[in-house]
Amino acid sequence: MSEDDASRKAVAEARLAGLLAPVKGRLSAASGLTVLAALLWLPQAACVAALLAALIADESPFLGPWGTSAVFVALGVARAGLSSYAAGLAFSASDEAVSLERNRLLAVQSRRSPVLAGRYSSAEIATLAADKLDLVAPYVTRYAPAMARTKYVPLAILAVAFPLSWAAGVILMVAGPLIPVFMALVGLAARDASEKQMQEIGGMNALLLERIRALTDLRLLDAVGRTVTDFEAAADRLRRQTMEVLRIAFLSSTVLELFAAIGVALVAVYVGFALIGEIPFGAWATPLTVGEGIFLLLLAPDFFQPLRDLAAAWHDKASALAVTGELADMEDEAAVDMLGDGTSRSALAGPASVATRSLVWETPAGRQIRFPDLEIRPGETVAITGRSGSGKTTLLALLAGLAPAHQGVIEAAGHALDGDNADAWRARLGWIGQMPHFSNESLRANLIMSASDRDDARLGRALAHASADGIVKALPRALDTRLGETGHGVSGGEARRLMIARALYSNADIVLADEPTADLDIATADAVTEGLLTLAARGATLIVATHDMTLAERLDRVIDLEAGT
């Protein structure tokens, strides 16, 4: 194993331990109960051996036939009860651990700033939260208990077998370690195969989301055939990777079952020949008795059973480590969080004004963007201009508290913007981005989400003022239509007009718009511009980042970030 692989594995194991830390006590209890249930087979096997030996010798066992049978049944019931309770405990613990981690992941990602987008798309994050995290559950319910049984049960059986026959003990002691050694070798390949499979699953979901977003453009460019080919190639890669995982799993199971079968067979051969007198050695002071031979035969399969269980669950560990490794990579990614904690529901009091002093943002590459000092009065309309990369979108995000500035001060409604008041400040804002996003609800719910009450008449007026009422009428279910995350079913300009309608409905008194007319034809851009001016006419403070000088010239003031004026 290379140093990088060892480091990755250590990080994944540490992350897995952290994920399971909240339920560690229950997991230890479940593992302990499974060990106790497995060890109850020793007195059960002793009962069976004593009963059969007595029947062969035409004698009565120590507790009598019925007493011995009753003890066997009682131990069996206790064993089944312990196993069932331990399984339920492990399942509830795994369910809680996965739920806590899923909530934590979603909470963290929901606070990520859009200023510094990571390499993980929303589709990959959703796949990790919804599907991949569930792969930790088999590790908890199968692998961890099997590992606990592997640590203690074989040693207990060896401790019982050696006093009866050193030959049988040697056979078990030699055959047993071959299984863990082979599992360790298989584990390296299984972990790599699982990681590649997880990457393919996430990549395919990201490809699907990307193509859905560009579906209209793909049809216009007649690239549907190429898209289908891309999906077929991605599906084929996922199929090959899944078959590689299955191949390793089946191969390892076959070889490990062979080792276990050979070990049991060798014990059976030794006991058989010892009982008929062909092998005079192997026992201690006295020849092996029938009862002792039967007892050893009953113990041999259970000596290998924990190892077989562990081998069967070995892939569960590889899958869990692949998932937690991806979690660790996502957490190590360079990212910034929005200001605030999402708990405030009241709006920040004060005028609808914004001001900045000595504001500086540092890019991940270390380049500093210094913004000119601004003072935007209530009701003023301002255009932020500059070439691509000059920081227009970043400035809007900083003004909205979607990222903390590295230096400088932002005054929002007369207050220094910080984590304590950022949520209250955003309660007053309307945001119109280049790529509007819609939640998985009806269009009506998306439009009134920032308002405390539902007023269909007011919503109709907002749509009319934003020139969006015709858009709604053209939808198959009007306001009850679900557009999907990227607004599938409406164009980019139509989606932006719907966002203007939302700002009008919510009575936002500060509106931030990021390139609202970008990539639009003249007529659609004019409609979006008129919608923005309608917001301004109602008294909203309007701050627009744009390359469109036609739009900029219709606003009160233009701030050129490159010129600093």
# chains A, B, ... in the order shown; residues from 1 in each chain; ligands from 1
$ closest_atom_pairs --of "stretch 470-510 of chain A" --to "stretch 425-446 of chain A" --cutoff "9 Å" --atoms "only C-alpha atoms" --output "CSV"
residue,atom,partner,partner_atom,distance
A:Val472,CA,A:Leu443,CA,8.7
A:Ala478,CA,A:Leu443,CA,8.0
A:Leu479,CA,A:Arg444,CA,5.0
A:Asp480,CA,A:Ser442,CA,4.9
A:Thr481,CA,A:Ser442,CA,5.3
A:Arg482,CA,A:Ser442,CA,4.6
A:Leu483,CA,A:Leu443,CA,6.9
A:Gly484,CA,A:Asn440,CA,6.1
A:Glu485,CA,A:Phe438,CA,4.7
A:Thr486,CA,A:His437,CA,5.2
A:Gly487,CA,A:Phe438,CA,6.3
A:Gly492,CA,A:Met435,CA,7.1
A:Ala495,CA,A:Pro436,CA,6.4
A:Arg496,CA,A:Ile432,CA,6.6
A:Arg497,CA,A:Ile432,CA,8.9
A:Met499,CA,A:Ile432,CA,5.9
A:Ile500,CA,A:Ile432,CA,6.9
A:Arg502,CA,A:Asn446,CA,7.9
A:Ala503,CA,A:Gly430,CA,5.2
A:Leu504,CA,A:Gly430,CA,8.6
A:Ser506,CA,A:Gly430,CA,8.1
A:Asn507,CA,A:Arg428,CA,8.3
A:Ala508,CA,A:Arg428,CA,5.4
A:Asp509,CA,A:Arg428,CA,6.2
A:Ile510,CA,A:Leu429,CA,5.0
$ residues_around --residues "A:Phe250" --least-positions-apart "6" --cutoff "12 Å" --atoms "only C-alpha atoms" --output "PDB file with N, CA and C atoms, in the first residue's frame"
ATOM      1  N   VAL A 186      -7.476  -9.084  -0.067  1.00  0.00           N
ATOM      2  CA  VAL A 186      -8.671  -8.798  -0.855  1.00  0.00           C
ATOM      3  C   VAL A 186      -9.208  -7.402  -0.521  1.00  0.00           C
ATOM      4  N   ALA A 190     -10.809  -4.488  -2.857  1.00  0.00           N
ATOM      5  CA  ALA A 190     -12.232  -4.190  -2.662  1.00  0.00           C
ATOM      6  C   ALA A 190     -12.440  -2.713  -2.368  1.00  0.00           C
ATOM      7  N   MET A 243     -19.524  -4.592 -11.697  1.00  0.00           N
ATOM      8  CA  MET A 243     -19.150  -5.992 -11.911  1.00  0.00           C
ATOM      9  C   MET A 243     -17.770  -6.288 -11.310  1.00  0.00           C
ATOM     10  N   GLU A 244     -16.894  -5.295 -11.303  1.00  0.00           N
ATOM     11  CA  GLU A 244     -15.583  -5.497 -10.681  1.00  0.00           C
ATOM     12  C   GLU A 244     -15.735  -5.687  -9.180  1.00  0.00           C
ATOM     13  N   LEU A 256     -12.351 -18.097   0.656  1.00  0.00           N
ATOM     14  CA  LEU A 256     -12.448 -18.171   2.110  1.00  0.00           C
ATOM     15  C   LEU A 256     -13.315 -19.348   2.557  1.00  0.00           C
ATOM     16  N   GLU A 257     -14.369 -19.633   1.817  1.00  0.00           N
ATOM     17  CA  GLU A 257     -15.182 -20.811   2.128  1.00  0.00           C
ATOM     18  C   GLU A 257     -14.359 -22.089   1.949  1.00  0.00           C
ATOM     19  N   ALA A 311     -15.681 -12.295   6.474  1.00  0.00           N
ATOM     20  CA  ALA A 311     -15.342 -12.276   5.049  1.00  0.00           C
ATOM     21  C   ALA A 311     -16.534 -11.838   4.214  1.00  0.00           C
ATOM     22  N   ALA A 312     -17.728 -12.331   4.581  1.00  0.00           N
ATOM     23  CA  ALA A 312     -18.938 -11.956   3.837  1.00  0.00           C
ATOM     24  C   ALA A 312     -19.244 -10.471   3.975  1.00  0.00           C
ATOM     25  N   ALA A 313     -18.867  -9.894   5.117  1.00  0.00           N
ATOM     26  CA  ALA A 313     -19.168  -8.476   5.364  1.00  0.00           C
ATOM     27  C   ALA A 313     -17.983  -7.570   5.042  1.00  0.00           C
ATOM     28  N   TRP A 314     -16.900  -8.141   4.512  1.00  0.00           N
ATOM     29  CA  TRP A 314     -15.700  -7.341   4.260  1.00  0.00           C
ATOM     30  C   TRP A 314     -15.975  -6.220   3.262  1.00  0.00           C
ATOM     31  N   HIS A 315     -16.797  -6.495   2.272  1.00  0.00           N
ATOM     32  CA  HIS A 315     -17.127  -5.468   1.288  1.00  0.00           C
ATOM     33  C   HIS A 315     -17.913  -4.325   1.928  1.00  0.00           C
TER      34      HIS A 315
END
$ closest_residue --among "A:Gln407, A:Thr393, A:Thr141, A:Ser319" --to "A:Glu13" --atoms "only C-alpha atoms"
A:Ser319
$ closest_residue --among "A:Ala54, A:Gly272, A:Asp423, A:Asp302" --to "A:Leu42" --atoms "only C-alpha atoms"
A:Asp302
$ select_by_dssp --residues "stretch 335-545 of chain A" --states "strand (DSSP E or B)" --output "number ranges by chain"
A: 337, 354-362, 368-370, 374-376, 381-385, 407-412, 415-416, 429-432, 510-514, 541-545
$ residues_around --residues "stretch 146-153 of chain A" --least-positions-apart "4" --cutoff "8 Å" --atoms "only C-alpha atoms" --output "tab-separated table (two decimals) with C-alpha atoms, in the first residue's frame"
chain	number	residue	atom	x	y	z
A	31	SER	CA	-21.26	-6.30	19.48
A	32	GLY	CA	-20.87	-7.63	23.02
A	34	THR	CA	-23.48	-11.01	19.59
A	35	VAL	CA	-20.25	-12.36	21.10
A	38	ALA	CA	-22.03	-17.00	19.85
A	39	LEU	CA	-20.26	-18.26	22.98
A	142	ARG	CA	-22.96	-6.80	9.84
A	157	ILE	CA	-12.96	-22.25	21.12
A	303	PHE	CA	-14.53	-21.70	15.00
A	306	PRO	CA	-17.10	-15.66	12.69
A	307	LEU	CA	-14.29	-15.55	10.13
A	309	ASP	CA	-19.18	-13.82	8.56
A	310	LEU	CA	-16.38	-11.28	8.57
A	313	ALA	CA	-19.17	-8.48	5.36
$ residues_around --residues "A:Val264" --least-positions-apart "2" --cutoff "8 Å" --atoms "only C-alpha atoms" --output "compact mmCIF listing (two decimals) with C-alpha atoms, in the first residue's frame"
# COMPACT_ATOMS: atom_id res chain seq x y z
CA ALA A 260 -12.96 -22.96 6.17
CA ALA A 261 -14.13 -26.23 4.59
CA ILE A 262 -10.59 -27.61 4.56
CA LEU A 266 -9.12 -31.85 8.69
CA VAL A 267 -10.62 -31.80 12.19
CA ALA A 268 -13.23 -34.36 11.13
CA LEU A 297 -16.62 -31.78 15.62
CA ALA A 300 -14.93 -26.74 14.43
CA PRO A 301 -17.58 -25.11 12.16
$ residues_around --residues "A:Asp519" --least-positions-apart "4" --cutoff "12 Å" --atoms "only C-alpha atoms" --output "VMD selection string"
chain A and resid 434 to 435 491 to 493 496 515 523 to 525 528 546 to 548
$ closest_residue --among "A:Pro138, A:Gly67, A:Gly291, A:Pro163" --to "A:Ala50" --atoms "only C-alpha atoms"
A:Gly291
$ atom_distance --atom1 "atom CA of A:Leu399" --atom2 "atom CA of A:Thr381"
14.8 Å
$ select_by_dssp --residues "stretch 219-340 of chain A" --states "alpha helix (DSSP H)" --output "JSON, numbers by chain"
{"A": [219, 220, 224, 225, 226, 227, 228, 229, 230, 231, 232, 233, 234, 235, 236, 237, 238, 239, 240, 241, 242, 243, 244, 245, 246, 247, 248, 249, 250, 251, 252, 253, 254, 255, 256, 257, 258, 259, 260, 261, 262, 263, 264, 265, 266, 267, 268, 269, 270, 271, 272, 273, 274, 275, 290, 291, 292, 293, 294, 295, 296, 297, 298, 299, 300, 301, 302, 303, 304, 305, 306, 307, 308, 309, 310, 311, 312, 314, 315, 316, 317, 318, 319, 320, 321, 322, 323, 324, 325, 326, 327, 328, 329, 330, 331, 332]}
$ write_last_selection --atoms "C-alpha atoms" --output "mmCIF file, in the first residue's frame"
data_model
loop_
_atom_site.group_PDB
_atom_site.id
_atom_site.type_symbol
_atom_site.label_atom_id
_atom_site.label_comp_id
_atom_site.auth_asym_id
_atom_site.auth_seq_id
_atom_site.Cartn_x
_atom_site.Cartn_y
_atom_site.Cartn_z
ATOM 1 C CA ARG A 219 -32.181 20.318 -28.627
ATOM 2 C CA LEU A 220 -31.471 23.580 -30.408
ATOM 3 C CA VAL A 224 -29.434 14.924 -28.303
ATOM 4 C CA GLY A 225 -27.703 11.984 -29.974
ATOM 5 C CA ARG A 226 -24.361 12.961 -28.440
ATOM 6 C CA THR A 227 -26.048 13.247 -25.033
ATOM 7 C CA VAL A 228 -27.483 9.747 -25.335
ATOM 8 C CA THR A 229 -24.028 8.472 -26.269
ATOM 9 C CA ASP A 230 -22.535 10.157 -23.203
ATOM 10 C CA PHE A 231 -25.150 8.515 -20.968
ATOM 11 C CA GLU A 232 -24.524 5.128 -22.519
ATOM 12 C CA ALA A 233 -20.789 5.496 -21.924
ATOM 13 C CA ALA A 234 -21.338 6.570 -18.292
ATOM 14 C CA ALA A 235 -23.749 3.689 -17.704
ATOM 15 C CA ASP A 236 -21.271 1.238 -19.200
ATOM 16 C CA ARG A 237 -18.476 2.526 -16.943
ATOM 17 C CA LEU A 238 -20.739 2.144 -13.920
ATOM 18 C CA ARG A 239 -21.719 -1.374 -15.041
ATOM 19 C CA ARG A 240 -18.064 -2.413 -15.415
ATOM 20 C CA GLN A 241 -17.155 -0.958 -12.040
ATOM 21 C CA THR A 242 -20.098 -2.659 -10.335
ATOM 22 C CA MET A 243 -19.150 -5.992 -11.911
ATOM 23 C CA GLU A 244 -15.583 -5.497 -10.681
ATOM 24 C CA VAL A 245 -16.870 -5.057 -7.126
ATOM 25 C CA LEU A 246 -19.026 -8.175 -7.446
ATOM 26 C CA ARG A 247 -16.172 -10.164 -8.973
ATOM 27 C CA ILE A 248 -13.912 -9.388 -6.032
ATOM 28 C CA ALA A 249 -16.688 -10.182 -3.559
ATOM 29 C CA PHE A 250 -17.543 -13.565 -5.118
ATOM 30 C CA LEU A 251 -13.901 -14.547 -5.586
ATOM 31 C CA SER A 252 -12.987 -13.744 -2.001
ATOM 32 C CA SER A 253 -16.036 -15.583 -0.642
ATOM 33 C CA THR A 254 -15.189 -18.694 -2.689
ATOM 34 C CA VAL A 255 -11.589 -18.867 -1.526
ATOM 35 C CA LEU A 256 -12.448 -18.171 2.110
ATOM 36 C CA GLU A 257 -15.182 -20.811 2.128
ATOM 37 C CA LEU A 258 -12.616 -23.252 0.743
ATOM 38 C CA PHE A 259 -10.190 -22.523 3.597
ATOM 39 C CA ALA A 260 -12.959 -22.960 6.174
ATOM 40 C CA ALA A 261 -14.133 -26.228 4.585
ATOM 41 C CA ILE A 262 -10.591 -27.613 4.557
ATOM 42 C CA GLY A 263 -10.124 -26.715 8.230
ATOM 43 C CA VAL A 264 -13.382 -28.415 9.272
ATOM 44 C CA ALA A 265 -12.576 -31.451 7.125
ATOM 45 C CA LEU A 266 -9.120 -31.854 8.690
ATOM 46 C CA VAL A 267 -10.623 -31.797 12.193
ATOM 47 C CA ALA A 268 -13.234 -34.356 11.133
ATOM 48 C CA VAL A 269 -10.556 -36.649 9.619
ATOM 49 C CA TYR A 270 -8.415 -36.426 12.745
ATOM 50 C CA VAL A 271 -11.355 -37.124 15.099
ATOM 51 C CA GLY A 272 -12.605 -40.020 12.984
ATOM 52 C CA PHE A 273 -9.253 -41.786 12.761
ATOM 53 C CA ALA A 274 -8.497 -41.060 16.419
ATOM 54 C CA LEU A 275 -11.762 -42.668 17.551
ATOM 55 C CA VAL A 290 -16.450 -40.303 21.834
ATOM 56 C CA GLY A 291 -17.909 -37.366 23.728
ATOM 57 C CA GLU A 292 -14.762 -35.294 23.275
ATOM 58 C CA GLY A 293 -14.603 -36.158 19.567
ATOM 59 C CA ILE A 294 -18.225 -35.135 18.995
ATOM 60 C CA PHE A 295 -17.645 -31.955 20.986
ATOM 61 C CA LEU A 296 -14.636 -31.050 18.794
ATOM 62 C CA LEU A 297 -16.623 -31.783 15.624
ATOM 63 C CA LEU A 298 -19.381 -29.454 16.789
ATOM 64 C CA LEU A 299 -16.923 -26.688 17.684
ATOM 65 C CA ALA A 300 -14.933 -26.741 14.426
ATOM 66 C CA PRO A 301 -17.583 -25.113 12.165
ATOM 67 C CA ASP A 302 -18.249 -22.395 14.770
ATOM 68 C CA PHE A 303 -14.526 -21.703 15.000
ATOM 69 C CA PHE A 304 -14.604 -20.634 11.340
ATOM 70 C CA GLN A 305 -18.114 -19.109 11.345
ATOM 71 C CA PRO A 306 -17.104 -15.657 12.685
ATOM 72 C CA LEU A 307 -14.288 -15.550 10.126
ATOM 73 C CA ARG A 308 -16.724 -16.486 7.371
ATOM 74 C CA ASP A 309 -19.177 -13.818 8.562
ATOM 75 C CA LEU A 310 -16.379 -11.275 8.570
ATOM 76 C CA ALA A 311 -15.342 -12.276 5.049
ATOM 77 C CA ALA A 312 -18.938 -11.956 3.837
ATOM 78 C CA TRP A 314 -15.700 -7.341 4.260
ATOM 79 C CA HIS A 315 -17.127 -5.468 1.288
ATOM 80 C CA ASP A 316 -19.407 -3.572 3.693
ATOM 81 C CA LYS A 317 -16.338 -2.085 5.321
ATOM 82 C CA ALA A 318 -14.860 -1.156 1.944
ATOM 83 C CA SER A 319 -18.096 0.595 0.950
ATOM 84 C CA ALA A 320 -18.353 2.452 4.267
ATOM 85 C CA LEU A 321 -14.754 3.670 4.005
ATOM 86 C CA ALA A 322 -15.346 4.797 0.423
ATOM 87 C CA VAL A 323 -18.317 6.871 1.606
ATOM 88 C CA THR A 324 -16.547 8.391 4.613
ATOM 89 C CA GLY A 325 -13.487 9.078 2.460
ATOM 90 C CA GLU A 326 -15.704 11.098 0.130
ATOM 91 C CA LEU A 327 -17.196 12.893 3.133
ATOM 92 C CA ALA A 328 -13.713 13.774 4.351
ATOM 93 C CA ASP A 329 -12.700 15.056 0.885
ATOM 94 C CA MET A 330 -15.821 17.214 0.750
ATOM 95 C CA GLU A 331 -15.120 18.671 4.185
ATOM 96 C CA ASP A 332 -11.480 19.411 3.308
#
$ residues_around --residues "stretch 339-355 of chain A" --least-positions-apart "4" --cutoff "8 Å" --atoms "only C-alpha atoms" --output "ChimeraX atom specification"
/A:111,373-379,399,401-404,410-414,418-428,509-510,540-541
$ closest_residue --among "A:Tyr505, A:Thr385, A:Asp134, A:Ala464" --to "A:Ile448" --atoms "only C-alpha atoms"
A:Tyr505
$ atom_distance --atom1 "atom CA of A:Ala552" --atom2 "atom CA of A:Ala383"
5.3 Å
$ residues_around --residues "stretch 75-92 of chain A" --least-positions-apart "3" --cutoff "9 Å" --atoms "only C-alpha atoms" --output "PyMOL selection string"
chain A and resi 26-27+29-34+36-41+43-44+70-72+95-97+137-138+140-142+145
$ atom_distance --atom1 "atom CA of A:Pro516" --atom2 "atom CA of A:His465"
16.4 Å
$ decode --residues "stretch 505-517 of chain A" --atoms "N, CA and C atoms" --output "PDB file, in the first residue's frame"
ATOM      1  N   TYR A 505     -43.849  40.555  -4.947  1.00  0.00           N
ATOM      2  CA  TYR A 505     -44.835  40.016  -4.011  1.00  0.00           C
ATOM      3  C   TYR A 505     -44.354  40.153  -2.569  1.00  0.00           C
ATOM      4  N   SER A 506     -43.072  39.926  -2.344  1.00  0.00           N
ATOM      5  CA  SER A 506     -42.545  39.951  -0.978  1.00  0.00           C
ATOM      6  C   SER A 506     -42.306  41.358  -0.465  1.00  0.00           C
ATOM      7  N   ASN A 507     -42.476  42.355  -1.354  1.00  0.00           N
ATOM      8  CA  ASN A 507     -42.216  43.754  -0.969  1.00  0.00           C
ATOM      9  C   ASN A 507     -40.784  43.952  -0.482  1.00  0.00           C
ATOM     10  N   ALA A 508     -39.842  43.223  -1.113  1.00  0.00           N
ATOM     11  CA  ALA A 508     -38.428  43.404  -0.756  1.00  0.00           C
ATOM     12  C   ALA A 508     -38.026  44.848  -1.025  1.00  0.00           C
ATOM     13  N   ASP A 509     -37.396  45.471  -0.032  1.00  0.00           N
ATOM     14  CA  ASP A 509     -37.029  46.880  -0.236  1.00  0.00           C
ATOM     15  C   ASP A 509     -35.576  47.046  -0.648  1.00  0.00           C
ATOM     16  N   ILE A 510     -34.819  45.955  -0.740  1.00  0.00           N
ATOM     17  CA  ILE A 510     -33.481  45.974  -1.333  1.00  0.00           C
ATOM     18  C   ILE A 510     -33.412  44.785  -2.279  1.00  0.00           C
ATOM     19  N   VAL A 511     -33.139  45.041  -3.553  1.00  0.00           N
ATOM     20  CA  VAL A 511     -33.092  43.973  -4.556  1.00  0.00           C
ATOM     21  C   VAL A 511     -31.701  43.942  -5.171  1.00  0.00           C
ATOM     22  N   LEU A 512     -31.096  42.751  -5.167  1.00  0.00           N
ATOM     23  CA  LEU A 512     -29.792  42.536  -5.780  1.00  0.00           C
ATOM     24  C   LEU A 512     -29.991  41.644  -7.004  1.00  0.00           C
ATOM     25  N   ALA A 513     -29.536  42.107  -8.153  1.00  0.00           N
ATOM     26  CA  ALA A 513     -29.714  41.358  -9.402  1.00  0.00           C
ATOM     27  C   ALA A 513     -28.351  41.128 -10.045  1.00  0.00           C
ATOM     28  N   ASP A 514     -28.070  39.873 -10.357  1.00  0.00           N
ATOM     29  CA  ASP A 514     -26.779  39.504 -10.938  1.00  0.00           C
ATOM     30  C   ASP A 514     -26.961  39.175 -12.415  1.00  0.00           C
ATOM     31  N   GLU A 515     -26.469  40.052 -13.276  1.00  0.00           N
ATOM     32  CA  GLU A 515     -26.551  39.877 -14.732  1.00  0.00           C
ATOM     33  C   GLU A 515     -27.969  39.472 -15.163  1.00  0.00           C
ATOM     34  N   PRO A 516     -28.972  40.256 -14.829  1.00  0.00           N
ATOM     35  CA  PRO A 516     -30.356  39.844 -15.112  1.00  0.00           C
ATOM     36  C   PRO A 516     -30.698  39.784 -16.594  1.00  0.00           C
ATOM     37  N   THR A 517     -29.939  40.496 -17.445  1.00  0.00           N
ATOM     38  CA  THR A 517     -30.254  40.481 -18.878  1.00  0.00           C
ATOM     39  C   THR A 517     -29.232  39.708 -19.689  1.00  0.00           C
TER      40      THR A 517
END
